[in-house]
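Scroll down for the structure; my scribbles are underneath it.
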Amino acid sequence: MAIVYELRAGDAIAIDGGRILITLREKFGNRAKVAVDCDGGVRVQWIQRARTAAEVVQAVGVGTKGVNSGNSR
């Protein structure tokens, strides 16, 4: 299941009680610049042009149990 937010520059999303903070820095056309702030125990991986949850799972190499493979766009 995907959670979708519409953000403006400067808006942020806190995950796990603020352990992970994603901030939209700039938005221009179909591109956005985001900052990911987290502690050293969090693994962050950039996945280019993934369109579905299944593509993300395939890119990071984790199991597919419970993943919705439908297009979320």
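Every chain in the structure tokens takes a letter, A first, then B, and so on in the order presented; its residues are numbered from 1, and the ligands are numbered from 1 following the presented order.
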
Which of chain A fall in strand (DSSP E or B), as a PyMOL selection string: chain A and resi 12-15+20-28+31-38+52+71

Extract, using only C-alpha atoms, all DNA, RNA and protein residues at most 12 Å from A:Leu7, discarding same-chain residues fewer than 5 positions from it, and format them as a PyMOL selection string. chain A and resi 12-13+22-27+32-34

Write out as a PyMOL selection string the residues lying within 12 Å of A:Ile15, counting only C-alpha atoms and excluding same-chain residues fewer than 5 positions away. chain A and resi 3+20-23+36-39+42

Based on the selection just made, write N, CA and C atoms of those residues as a PDB file, in the first residue's frame.
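The resulting result17.pdb:
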```
ATOM      1  N   ILE A   3       1.275   5.392   0.416  1.00  0.00           N
ATOM      2  CA  ILE A   3       0.689   6.600   0.981  1.00  0.00           C
ATOM      3  C   ILE A   3       1.179   7.750   0.116  1.00  0.00           C
ATOM      4  N   ILE A  20      13.102   9.423  10.452  1.00  0.00           N
ATOM      5  CA  ILE A  20      13.349   9.690   9.037  1.00  0.00           C
ATOM      6  C   ILE A  20      12.528  10.919   8.675  1.00  0.00           C
ATOM      7  N   LEU A  21      13.170  11.903   8.065  1.00  0.00           N
ATOM      8  CA  LEU A  21      12.487  13.123   7.668  1.00  0.00           C
ATOM      9  C   LEU A  21      12.776  13.379   6.196  1.00  0.00           C
ATOM     10  N   ILE A  22      11.715  13.448   5.390  1.00  0.00           N
ATOM     11  CA  ILE A  22      11.843  13.710   3.957  1.00  0.00           C
ATOM     12  C   ILE A  22      11.278  15.098   3.702  1.00  0.00           C
ATOM     13  N   THR A  23      12.098  15.989   3.149  1.00  0.00           N
ATOM     14  CA  THR A  23      11.698  17.373   2.905  1.00  0.00           C
ATOM     15  C   THR A  23      11.769  17.681   1.421  1.00  0.00           C
ATOM     16  N   VAL A  36      16.649  13.775   2.470  1.00  0.00           N
ATOM     17  CA  VAL A  36      16.309  12.688   3.386  1.00  0.00           C
ATOM     18  C   VAL A  36      17.266  12.776   4.561  1.00  0.00           C
ATOM     19  N   ASP A  37      16.726  13.087   5.731  1.00  0.00           N
ATOM     20  CA  ASP A  37      17.518  13.155   6.954  1.00  0.00           C
ATOM     21  C   ASP A  37      17.172  11.952   7.816  1.00  0.00           C
ATOM     22  N   CYS A  38      18.206  11.191   8.218  1.00  0.00           N
ATOM     23  CA  CYS A  38      17.969  10.003   9.033  1.00  0.00           C
ATOM     24  C   CYS A  38      19.238   9.649   9.794  1.00  0.00           C
ATOM     25  N   ASP A  39      19.079   8.761  10.773  1.00  0.00           N
ATOM     26  CA  ASP A  39      20.256   8.344  11.523  1.00  0.00           C
ATOM     27  C   ASP A  39      21.041   7.310  10.710  1.00  0.00           C
ATOM     28  N   VAL A  42      19.718   3.771   9.169  1.00  0.00           N
ATOM     29  CA  VAL A  42      18.698   3.682   8.134  1.00  0.00           C
ATOM     30  C   VAL A  42      19.381   3.565   6.772  1.00  0.00           C
TER      31      VAL A  42
END
```

Tell me, in Å to one decimal, how far atom CA of A:Arg43 is from atom CA of A:Val60.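 Between atom CA of A:Arg43 and atom CA of A:Val60 the gap is 10.6 Å.
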
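All residues of chain A that DSSP, run on the backbone, classes as helix (DSSP H, G or I) are Ala53, Ala54, Glu55, Val56, Val57, Gln58, Ala59 and Val60 of chain A.
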
What lies within 12 Å of A:Gly61 using only C-alpha atoms, ignoring chain neighbours under 5 positions off, as a VMD selection string? chain A and resid 45 47 54 to 56

Residue selection dump (C-alpha atoms) as a short mmCIF file (atom, residue, chain, number, x, y, z; two decimals), in the first residue's frame:
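Here's the written file part_11.cif:
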```cif
data_model
loop_
_atom_site.label_atom_id
_atom_site.label_comp_id
_atom_site.auth_asym_id
_atom_site.auth_seq_id
_atom_site.Cartn_x
_atom_site.Cartn_y
_atom_site.Cartn_z
CA GLN A 45 18.63 3.77 -1.74
CA ILE A 47 15.73 3.92 -7.41
CA ALA A 54 6.85 -4.40 -7.62
CA GLU A 55 9.59 -2.51 -9.51
CA VAL A 56 10.80 -0.98 -6.24
#
```
